[in-house]
Every structure is written in C-alpha cells, then in structure tokens.
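Undergrad: To be precise about what I am sending: the file is called model.pdb and holds PDB, C-alpha atoms.
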```
ATOM      1  CA  MET A   1     -32.202  80.428 -49.868
ATOM      2  CA  PRO A   2     -28.823  80.094 -51.535
ATOM      3  CA  LEU A   3     -27.613  76.539 -51.999
ATOM      4  CA  GLY A   4     -24.230  77.195 -50.341
ATOM      5  CA  THR A   5     -25.807  78.258 -47.091
ATOM      6  CA  LEU A   6     -27.429  74.835 -46.405
ATOM      7  CA  ASP A   7     -26.144  72.905 -43.329
ATOM      8  CA  ARG A   8     -24.792  69.608 -44.617
ATOM      9  CA  SER A   9     -24.141  68.047 -41.143
ATOM     10  CA  PRO A  10     -26.464  65.138 -40.203
ATOM     11  CA  PRO A  11     -29.249  65.819 -37.765
ATOM     12  CA  PRO A  12     -28.675  64.824 -34.091
ATOM     13  CA  PHE A  13     -30.847  61.706 -34.519
ATOM     14  CA  PHE A  14     -28.384  60.122 -36.970
ATOM     15  CA  ARG A  15     -25.158  61.061 -35.218
ATOM     16  CA  GLN A  16     -23.271  57.865 -34.158
ATOM     17  CA  GLY A  17     -20.243  59.266 -32.305
ATOM     18  CA  PRO A  18     -16.783  57.769 -32.940
ATOM     19  CA  SER A  19     -16.335  55.366 -35.791
ATOM     20  CA  ALA A  20     -16.492  51.591 -35.338
ATOM     21  CA  LEU A  21     -12.747  51.239 -35.967
ATOM     22  CA  SER A  22     -11.946  53.762 -33.240
ATOM     23  CA  LYS A  23     -14.148  51.867 -30.787
ATOM     24  CA  LEU A  24     -12.467  48.578 -31.714
ATOM     25  CA  VAL A  25      -8.984  49.976 -31.158
ATOM     26  CA  PHE A  26      -9.956  51.619 -27.874
ATOM     27  CA  PHE A  27     -11.629  48.618 -26.310
ATOM     28  CA  GLY A  28      -8.941  46.275 -27.614
ATOM     29  CA  VAL A  29      -6.215  48.326 -25.952
ATOM     30  CA  LEU A  30      -8.323  48.551 -22.777
ATOM     31  CA  ALA A  31      -8.771  44.760 -22.695
ATOM     32  CA  VAL A  32      -5.020  44.182 -23.135
ATOM     33  CA  LEU A  33      -4.230  46.669 -20.358
ATOM     34  CA  LEU A  34      -6.720  44.995 -18.021
ATOM     35  CA  MET A  35      -5.292  41.527 -18.729
ATOM     36  CA  VAL A  36      -1.734  42.720 -18.131
ATOM     37  CA  ALA A  37      -2.744  44.534 -14.943
ATOM     38  CA  ASP A  38      -4.635  41.479 -13.664
ATOM     39  CA  ASN A  39      -1.716  39.192 -14.421
ATOM     40  CA  ARG A  40       0.792  41.522 -12.799
ATOM     41  CA  PHE A  41      -1.090  43.137  -9.917
ATOM     42  CA  ARG A  42      -4.111  40.821  -9.456
ATOM     43  CA  ILE A  43      -6.490  43.744  -9.458
ATOM     44  CA  ILE A  44      -9.434  41.751 -10.813
ATOM     45  CA  LYS A  45      -9.205  39.008  -8.183
ATOM     46  CA  PRO A  46     -11.313  40.840  -5.531
ATOM     47  CA  VAL A  47     -13.885  41.757  -8.178
ATOM     48  CA  ARG A  48     -14.047  38.158  -9.391
ATOM     49  CA  ALA A  49     -14.425  36.902  -5.830
ATOM     50  CA  ALA A  50     -17.222  39.364  -5.125
ATOM     51  CA  ILE A  51     -19.078  38.390  -8.304
ATOM     52  CA  ALA A  52     -18.691  34.688  -7.526
ATOM     53  CA  THR A  53     -20.027  35.256  -4.010
ATOM     54  CA  VAL A  54     -23.055  37.144  -5.309
ATOM     55  CA  LEU A  55     -23.814  34.567  -8.006
ATOM     56  CA  TYR A  56     -23.327  31.485  -5.783
ATOM     57  CA  PRO A  57     -26.940  31.345  -4.462
ATOM     58  CA  LEU A  58     -28.235  31.538  -8.034
ATOM     59  CA  GLN A  59     -25.857  28.821  -9.198
ATOM     60  CA  TRP A  60     -26.767  26.611  -6.232
ATOM     61  CA  SER A  61     -30.501  26.945  -6.869
ATOM     62  CA  MET A  62     -30.089  26.163 -10.584
ATOM     63  CA  LEU A  63     -27.947  23.088  -9.888
ATOM     64  CA  GLN A  64     -30.373  21.484  -7.435
ATOM     65  CA  PRO A  65     -32.635  19.878 -10.077
ATOM     66  CA  VAL A  66     -29.597  18.403 -11.846
ATOM     67  CA  ILE A  67     -28.202  17.048  -8.568
ATOM     68  CA  LEU A  68     -31.561  15.550  -7.585
ATOM     69  CA  VAL A  69     -31.894  13.709 -10.900
ATOM     70  CA  ARG A  70     -28.320  12.447 -10.801
ATOM     71  CA  ASP A  71     -28.317  11.370  -7.147
ATOM     72  CA  GLY A  72     -31.751   9.809  -7.461
ATOM     73  CA  GLY A  73     -30.522   7.436 -10.157
ATOM     74  CA  LYS A  74     -27.449   6.568  -8.131
ATOM     75  CA  TYR A  75     -29.590   5.899  -5.074
ATOM     76  CA  PHE A  76     -31.645   3.245  -6.795
ATOM     77  CA  GLU A  77     -28.506   1.717  -8.328
ATOM     78  CA  SER A  78     -26.655   1.586  -5.013
ATOM     79  CA  LEU A  79     -29.664   0.158  -3.159
ATOM     80  CA  GLY A  80     -29.280  -3.221  -4.844
ATOM     81  CA  THR A  81     -25.521  -3.135  -4.340
ATOM     82  CA  SER A  82     -26.014  -2.400  -0.634
ATOM     83  CA  HIS A  83     -28.310  -5.400  -0.252
ATOM     84  CA  ALA A  84     -25.770  -7.634  -2.006
ATOM     85  CA  ASN A  85     -22.948  -6.335   0.181
ATOM     86  CA  GLU A  86     -25.056  -6.867   3.295
ATOM     87  CA  ALA A  87     -25.753 -10.465   2.331
ATOM     88  CA  ALA A  88     -22.044 -11.100   1.665
ATOM     89  CA  ALA A  89     -21.117  -9.496   5.000
ATOM     90  CA  GLN A  90     -23.661 -11.633   6.831
ATOM     91  CA  TYR A  91     -22.215 -14.747   5.196
ATOM     92  CA  ARG A  92     -18.658 -13.795   6.200
ATOM     93  CA  LEU A  93     -19.870 -12.982   9.710
ATOM     94  CA  GLY A  94     -21.402 -16.438   9.979
ATOM     95  CA  LEU A  95     -18.130 -18.058   8.922
ATOM     96  CA  GLN A  96     -16.170 -15.979  11.424
ATOM     97  CA  SER A  97     -18.647 -16.840  14.174
ATOM     98  CA  GLN A  98     -18.281 -20.533  13.411
ATOM     99  CA  ARG A  99     -14.506 -20.265  13.538
ATOM    100  CA  ALA A 100     -14.619 -18.232  16.755
ATOM    101  CA  GLN A 101     -16.680 -20.937  18.421
ATOM    102  CA  GLN A 102     -14.037 -23.503  17.518
ATOM    103  CA  VAL A 103     -11.063 -21.448  18.725
ATOM    104  CA  GLU A 104     -11.410 -22.367  22.390
ATOM    105  CA  GLN A 105     -11.697 -26.072  21.660
ATOM    106  CA  LEU A 106      -8.773 -26.012  19.206
ATOM    107  CA  THR A 107      -6.625 -24.077  21.670
ATOM    108  CA  PHE A 108      -7.366 -26.591  24.397
ATOM    109  CA  GLU A 109      -6.594 -29.522  22.096
ATOM    110  CA  ASN A 110      -3.372 -27.875  20.919
ATOM    111  CA  ALA A 111      -2.200 -27.360  24.496
ATOM    112  CA  ARG A 112      -2.971 -31.002  25.372
ATOM    113  CA  LEU A 113      -1.141 -32.300  22.293
ATOM    114  CA  ARG A 114       1.917 -30.167  23.007
ATOM    115  CA  ALA A 115       1.946 -31.331  26.609
ATOM    116  CA  LEU A 116       1.548 -34.918  25.444
ATOM    117  CA  LEU A 117       4.442 -34.613  22.984
ATOM    118  CA  ASP A 118       6.473 -32.480  25.397
ATOM    119  CA  LEU A 119       6.868 -29.680  22.845
ATOM    120  CA  ARG A 120       7.891 -26.157  23.723
ATOM    121  CA  ALA A 121       5.203 -23.499  23.321
ATOM    122  CA  ARG A 122       5.515 -21.138  20.385
ATOM    123  CA  VAL A 123       7.337 -17.898  20.945
ATOM    124  CA  SER A 124       5.150 -14.808  21.312
ATOM    125  CA  ALA A 125       7.185 -11.879  20.032
ATOM    126  CA  PRO A 126       6.589  -8.385  21.503
ATOM    127  CA  ALA A 127       5.557  -5.801  18.903
ATOM    128  CA  LEU A 128       6.257  -2.095  18.459
ATOM    129  CA  ALA A 129       4.022   0.144  16.322
ATOM    130  CA  ALA A 130       5.720   2.436  13.802
ATOM    131  CA  GLN A 131       4.848   4.624  10.825
ATOM    132  CA  VAL A 132       6.447   4.675   7.382
ATOM    133  CA  LEU A 133       8.007   8.073   6.725
ATOM    134  CA  TYR A 134       9.269   7.761   3.143
ATOM    135  CA  ALA A 135      10.841   5.373   0.676
ATOM    136  CA  ALA A 136      14.603   5.141   0.266
ATOM    137  CA  ALA A 137      16.125   7.289  -2.454
ATOM    138  CA  ASP A 138      17.944   4.399  -4.126
ATOM    139  CA  PRO A 139      15.843   3.336  -7.161
ATOM    140  CA  PHE A 140      17.551  -0.083  -7.335
ATOM    141  CA  THR A 141      16.395  -1.211  -3.886
ATOM    142  CA  ARG A 142      13.056  -1.669  -2.148
ATOM    143  CA  LYS A 143      13.468   0.010   1.234
ATOM    144  CA  VAL A 144      11.420   2.333   3.436
ATOM    145  CA  ILE A 145      12.216   4.435   6.504
ATOM    146  CA  VAL A 146      10.107   4.145   9.676
ATOM    147  CA  ASP A 147       9.916   6.557  12.615
ATOM    148  CA  LYS A 148      11.289   4.226  15.310
ATOM    149  CA  GLY A 149      14.975   3.646  15.979
ATOM    150  CA  ALA A 150      17.489   2.616  18.591
ATOM    151  CA  LEU A 151      15.907   4.895  21.202
ATOM    152  CA  ALA A 152      12.724   2.809  20.873
ATOM    153  CA  ALA A 153      14.682  -0.472  21.318
ATOM    154  CA  VAL A 154      14.490  -1.470  17.640
ATOM    155  CA  GLN A 155      17.073  -4.130  16.777
ATOM    156  CA  PRO A 156      18.666  -4.964  13.423
ATOM    157  CA  GLY A 157      17.045  -7.988  11.844
ATOM    158  CA  SER A 158      13.632  -7.366  13.405
ATOM    159  CA  PRO A 159      10.656  -8.588  11.318
ATOM    160  CA  VAL A 160       8.273  -5.889  10.090
ATOM    161  CA  LEU A 161       4.581  -6.598   9.446
ATOM    162  CA  ASP A 162       1.488  -4.743   8.389
ATOM    163  CA  GLU A 163      -2.133  -5.721   8.955
ATOM    164  CA  LEU A 164      -1.981  -8.247   6.097
ATOM    165  CA  GLY A 165       1.337 -10.033   6.392
ATOM    166  CA  VAL A 166       5.127  -9.827   6.381
ATOM    167  CA  LEU A 167       6.423  -6.555   4.961
ATOM    168  CA  GLY A 168      10.191  -6.847   5.394
ATOM    169  CA  GLN A 169      13.061  -6.777   7.851
ATOM    170  CA  VAL A 170      14.974  -4.035   9.665
ATOM    171  CA  THR A 171      18.435  -3.787   8.114
ATOM    172  CA  ARG A 172      19.785  -0.554   9.600
ATOM    173  CA  VAL A 173      18.981   1.166  12.880
ATOM    174  CA  TYR A 174      19.618   4.834  13.615
ATOM    175  CA  PRO A 175      18.827   6.689  16.843
ATOM    176  CA  LEU A 176      15.432   8.001  15.700
ATOM    177  CA  VAL A 177      14.604   6.081  12.518
ATOM    178  CA  SER A 178      15.212   2.639  11.024
ATOM    179  CA  GLU A 179      15.656   1.308   7.516
ATOM    180  CA  VAL A 180      13.363  -1.568   6.484
ATOM    181  CA  THR A 181      14.222  -3.724   3.486
ATOM    182  CA  LEU A 182      11.039  -5.027   1.866
ATOM    183  CA  ILE A 183      10.604  -8.693   1.011
ATOM    184  CA  THR A 184      10.521  -7.758  -2.698
ATOM    185  CA  ASP A 185      14.113  -6.469  -2.593
ATOM    186  CA  ARG A 186      16.524  -8.529  -4.674
ATOM    187  CA  ASN A 187      18.793  -9.118  -1.643
ATOM    188  CA  GLN A 188      15.993 -10.414   0.608
ATOM    189  CA  ALA A 189      15.285 -14.113   1.164
ATOM    190  CA  ILE A 190      12.773 -15.618   3.561
ATOM    191  CA  PRO A 191      12.022 -19.288   4.388
ATOM    192  CA  VAL A 192       8.362 -20.054   3.696
ATOM    193  CA  LEU A 193       5.953 -22.940   4.187
ATOM    194  CA  ASN A 194       3.080 -24.027   1.953
ATOM    195  CA  THR A 195       0.041 -24.235   4.218
ATOM    196  CA  ARG A 196      -1.673 -26.738   1.913
ATOM    197  CA  THR A 197       1.099 -29.297   1.506
ATOM    198  CA  GLY A 198       3.636 -28.393   4.208
ATOM    199  CA  LEU A 199       6.347 -27.869   1.576
ATOM    200  CA  ARG A 200       9.272 -25.713   2.733
ATOM    201  CA  ALA A 201      10.906 -23.344   0.250
ATOM    202  CA  LEU A 202      13.003 -20.199   0.038
ATOM    203  CA  ALA A 203      11.419 -17.029  -1.374
ATOM    204  CA  PHE A 204      13.628 -14.398  -3.008
ATOM    205  CA  GLY A 205      12.636 -10.846  -3.875
ATOM    206  CA  GLU A 206      12.027  -9.904  -7.518
ATOM    207  CA  PRO A 207      11.682  -6.098  -7.759
ATOM    208  CA  SER A 208      11.950  -6.032 -11.557
ATOM    209  CA  VAL A 209       8.589  -7.752 -12.111
ATOM    210  CA  GLY A 210       5.874  -5.061 -12.107
ATOM    211  CA  THR A 211       5.588  -3.515  -8.665
ATOM    212  CA  GLY A 212       7.548  -6.307  -7.000
ATOM    213  CA  SER A 213       6.993  -9.999  -6.384
ATOM    214  CA  LEU A 214       8.667 -13.079  -4.932
ATOM    215  CA  GLU A 215      10.185 -16.126  -6.567
ATOM    216  CA  LEU A 216      10.463 -19.625  -5.097
ATOM    217  CA  ARG A 217      13.769 -21.031  -6.298
ATOM    218  CA  PHE A 218      15.397 -24.463  -6.372
ATOM    219  CA  LEU A 219      12.114 -26.400  -6.542
ATOM    220  CA  ASP A 220      11.696 -29.539  -8.659
ATOM    221  CA  ALA A 221       9.678 -29.268 -11.834
ATOM    222  CA  ASN A 222       7.108 -31.746 -10.496
ATOM    223  CA  VAL A 223       6.668 -29.965  -7.162
ATOM    224  CA  ASP A 224       3.157 -30.005  -5.694
ATOM    225  CA  LEU A 225       2.198 -26.335  -6.030
ATOM    226  CA  GLN A 226      -0.965 -24.666  -7.264
ATOM    227  CA  ALA A 227      -1.877 -21.088  -8.065
ATOM    228  CA  GLY A 228      -3.421 -19.542  -4.973
ATOM    229  CA  ASP A 229      -1.428 -21.552  -2.418
ATOM    230  CA  LEU A 230      -0.673 -19.491   0.688
ATOM    231  CA  MET A 231       2.965 -19.300   1.775
ATOM    232  CA  THR A 232       3.683 -18.479   5.431
ATOM    233  CA  THR A 233       6.856 -18.111   7.457
ATOM    234  CA  SER A 234       8.317 -21.441   8.498
ATOM    235  CA  GLY A 235      10.132 -20.060  11.548
ATOM    236  CA  ILE A 236      13.321 -22.073  10.947
ATOM    237  CA  ASP A 237      15.499 -19.044  10.201
ATOM    238  CA  GLY A 238      15.413 -17.667  13.748
ATOM    239  CA  VAL A 239      14.134 -14.297  12.505
ATOM    240  CA  TYR A 240      10.435 -14.562  11.613
ATOM    241  CA  PRO A 241       7.917 -16.231  13.940
ATOM    242  CA  PRO A 242       6.153 -19.166  12.270
ATOM    243  CA  GLY A 243       2.719 -18.821  10.716
ATOM    244  CA  LEU A 244       2.910 -15.248   9.369
ATOM    245  CA  GLN A 245       1.413 -14.762   5.896
ATOM    246  CA  VAL A 246       4.014 -13.926   3.256
ATOM    247  CA  ALA A 247       2.682 -14.455  -0.281
ATOM    248  CA  ARG A 248       0.360 -16.392  -2.567
ATOM    249  CA  VAL A 249       1.476 -18.406  -5.570
ATOM    250  CA  SER A 250       0.435 -16.583  -8.733
ATOM    251  CA  LYS A 251       2.247 -18.330 -11.602
ATOM    252  CA  ILE A 252       4.036 -21.647 -12.091
ATOM    253  CA  GLU A 253       6.221 -22.353 -15.138
ATOM    254  CA  ARG A 254       7.457 -25.882 -15.751
ATOM    255  CA  GLY A 255       9.864 -26.068 -18.672
ATOM    256  CA  ALA A 256      10.795 -29.336 -20.357
ATOM    257  CA  ASP A 257      14.415 -28.202 -20.668
ATOM    258  CA  SER A 258      14.815 -27.366 -16.973
ATOM    259  CA  ALA A 259      14.828 -29.535 -13.868
ATOM    260  CA  PHE A 260      13.484 -26.697 -11.723
ATOM    261  CA  ALA A 261      10.103 -24.962 -11.716
ATOM    262  CA  ARG A 262       9.802 -21.197 -11.988
ATOM    263  CA  VAL A 263       7.315 -20.091  -9.327
ATOM    264  CA  ARG A 264       6.098 -16.503  -8.940
ATOM    265  CA  CYS A 265       4.339 -15.276  -5.796
ATOM    266  CA  GLU A 266       2.513 -12.050  -5.009
ATOM    267  CA  PRO A 267       3.176 -10.627  -1.525
ATOM    268  CA  VAL A 268       0.198 -10.530   0.811
ATOM    269  CA  ALA A 269       1.347  -7.345   2.566
ATOM    270  CA  ASP A 270       0.939  -3.934   0.955
ATOM    271  CA  VAL A 271       4.592  -3.434   0.020
ATOM    272  CA  ASN A 272       3.857  -0.307  -2.044
ATOM    273  CA  GLY A 273       1.406   1.674   0.062
ATOM    274  CA  GLY A 274       1.561   0.620   3.718
ATOM    275  CA  LEU A 275       1.753   3.451   6.254
ATOM    276  CA  HIS A 276       1.488   1.739   9.649
ATOM    277  CA  VAL A 277       3.606  -1.285  10.566
ATOM    278  CA  LEU A 278       4.529  -3.503  13.487
ATOM    279  CA  ILE A 279       8.149  -4.216  14.379
ATOM    280  CA  LEU A 280       8.712  -7.516  16.180
ATOM    281  CA  GLN A 281      11.718  -8.601  18.159
ATOM    282  CA  PRO A 282      13.866 -11.151  16.317
ATOM    283  CA  GLN A 283      12.901 -14.696  17.184
ATOM    284  CA  ALA A 284      16.555 -15.642  17.745
ATOM    285  CA  GLY A 285      16.668 -13.484  20.871
ATOM    286  CA  GLN A 286      13.785 -15.440  22.434
ATOM    287  CA  VAL A 287      14.753 -18.989  21.506
ATOM    288  CA  PRO A 288      16.917 -20.860  24.028
ATOM    289  CA  ALA A 289      20.579 -21.195  23.103
ATOM    290  CA  ARG A 290      21.657 -24.306  21.235
ATOM    291  CA  PRO A 291      23.100 -26.902  23.654
ATOM    292  CA  GLU A 292      26.729 -27.777  23.400
ATOM    293  CA  PRO A 293      27.408 -31.028  21.506
ATOM    294  CA  ALA A 294      28.069 -33.957  23.831
ATOM    295  CA  GLU A 295      31.521 -35.482  23.538
ATOM    296  CA  ASP A 296      31.843 -39.015  22.298
ATOM    297  CA  ALA A 297      32.329 -41.616  25.059
ATOM    298  CA  SER A 298      35.415 -43.112  23.378
ATOM    299  CA  VAL A 299      37.053 -39.693  23.126
ATOM    300  CA  THR A 300      36.310 -39.085  26.816
ATOM    301  CA  LYS A 301      37.891 -42.429  27.815
ATOM    302  CA  THR A 302      40.945 -41.668  25.681
ATOM    303  CA  LYS A 303      41.385 -38.319  27.382
ATOM    304  CA  LYS A 304      41.122 -39.909  30.812
ATOM    305  CA  ALA A 305      43.612 -42.694  29.892
ATOM    306  CA  LYS A 306      46.271 -40.190  28.876
ATOM    307  CA  PRO A 307      48.685 -39.260  31.716
TER     308      PRO A 307
END
```
Any chance you could put this one into structure tokens?
TA:
Amino acid sequence: MPLGTLDRSPPPFFRQGPSALSKLVFFGVLAVLLMVADNRFRIIKPVRAAIATVLYPLQWSMLQPVILVRDGGKYFESLGTSHANEAAAQYRLGLQSQRAQQVEQLTFENARLRALLDLRARVSAPALAAQVLYAAADPFTRKVIVDKGALAAVQPGSPVLDELGVLGQVTRVYPLVSEVTLITDRNQAIPVLNTRTGLRALAFGEPSVGTGSLELRFLDANVDLQAGDLMTTSGIDGVYPPGLQVARVSKIERGADSAFARVRCEPVADVNGGLHVLILQPQAGQVPARPEPAEDASVTKTKKAKP
C-alpha cells in the first residue's frame, strides 16, 4: 500500500473534541454572561431558591449532631447559673416580703405622726401614660418627643418619669405631642435630697460627660457625701413630688485649691433608651396658694389714725 494513501487522522478513541483553550474561552464567556444576567434580571434567584428548598432537609439533618453537642454543653453550664439566680431571687423575695409586712404598720404610724404634728398629707399627683416617639433633632440638647399633648391635658412643666426614676420635664406642649427636656440637659436643674444624710442640693445636667450625667454644684468641699448615695426629689420647687429617685452619686472630687466639691451623679432613669413614661401634673397646681402676708399692727394703727 502506498505510503501517501495512509489515513493520518487519529482513531475515534483518541479524539478529544475542541481544544482546552476553546473550552476555557467558551465557559468563561458563559459564566460572565450568567453573572451579568443574574445581576440585571435576577434570573438565577428562582433556581437558587429551589435548590435551597431541596437541600434544606439534608442541611437540617446534618446540623442536628452539631446543635445537640453545642446545646448540651450550654445546658449544663446554664443549670448552675439558674440555681444561683433562683437562690438570689428567693433572697430578694424574702426581703420584699419583710418590707411588705412592715408597710401597713409604717403607714399607720406615719398617719398618726402627721395627725399629731398637724401636717398636711403629701400630694398624690395624677399620672398620664405616654410613649417616646423620637429624640429631638438638635444635637446640643437632650430632649425627646412623646405622643401626648394639649388634647390629653398635658401641661408645661409637668414632671416625666419612667419605671426607675425622674426622666425630665415637659417644656413645650403641642396639640398632639409634647417636648420633654431630660434631666441631663445643660439647661435643666432639679432640687434633690440625699436620703442618707438629708442634705439638700441642686443638680444640674451635664450632657458632655459620656452619655449624660448630673452635677451637684455649690457644695462645700467637706460636705458629707459618699459614692452610691441616692438623691431624690426634695419637693421644694413646686414641680416634682418629693421622694422620686433622681440619681446616685458616682464621683466626688475635693480639690485643695477650691472651696467647693465637684460631685458627679448618674441618673437612675434610663435617659437614653426609655420608651414608656408617665407624665405627672405639676405639684404647684395641687398645693394650696400661699397666704397673703399679714400687715404689721403698727402700720394698721397708723392707717386708722390718719383722717
């Protein structure tokens, strides 16, 4: 057989189709087209959702051993914590029960002492529930907006509380909403009373310190104050009822070059995250009017002697 007549093409067994470079270019272009189409038209989203739905039972079954091992360890860790928390709760419950048993006797004794001293009973201010909508847009003030206004009988100057203590005071009233200035605002001042010593002071807002605090000003350097002392409303301003929790003393600085102490207090109320508040009526509207000053007897006689 002549040499030129031989078939030089490879047998079918060794034929590999298109070259590797052609396959790389084809599938690369196809991948780019699919990515562009998915980004533009979201055509792969239904396919992805269907695949995820089909594979979910398999994923769930494979994750169960891992979840059992992880949750089992947490169970034994939390068991001891639960027992400790239960013991602490039982202790607090015992203290509260002891105090509750003494309330009736203390109330009776308080009523007898007030009757004996002929003192007027404390004012009980009506309360109105409200919800904080949003904080004021001014970054230099500490104010929030609540969802009760003049239509709900809210008055300017009304004290605002949360479940922990004094939150602020109503400064502006609109028909449907009201503006509440927090006690940490630099323009807020509130008379307070130290429950340990009976010391009266004036607390001013300090918004520049962290998330907001209070400062007791004009106190002597040797004033009897300790970290942790509870400051409550004194009730002498005619706005806040007495006995409401305001702040706790956190830091006391006594400088040798100053005659006054620098006292920092942390507010008891949640001034940064409270959502539900109580609006009280101002105490001044419930306190009897101040009596007119009596005229001096000599002045009265002089007036009568004049023709």
Undergrad: Between atom CA of Tyr174 of chain A and atom CA of Gln283 of chain A, measure the distance and give it in Å to one decimal.
TA: 21.0 Å
Undergrad: Go through the shown structure with the PyMOL selection byres ((chain A and resi 204) around 10) and write out the matching residues as a PyMOL selection string.
TA: chain A and resi 183-191+201-203+205-207+213-217+264-265
Undergrad: Applied to the shown file, which residues does the PyMOL selection byres ((chain A and resi 273) around 12) return, written as a ChimeraX atom specification?
TA: /A:131-135,144,162,167,182,211,269-272,274-277
Undergrad: So the first atom is atom CA of Pro175 of chain A and the second is atom CA of Ala130 of chain A; what is the distance between them in Å, to one decimal place?
TA: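 Rounded to one decimal, the two atoms are 14.1 Å apart.
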Undergrad: Calculate how many Å separate atom CA of Asn194 of chain A from atom CA of Thr233 of chain A, rounding to one decimal.
TA: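 Going from atom CA of Asn194 of chain A over to atom CA of Thr233 of chain A covers 8.9 Å.
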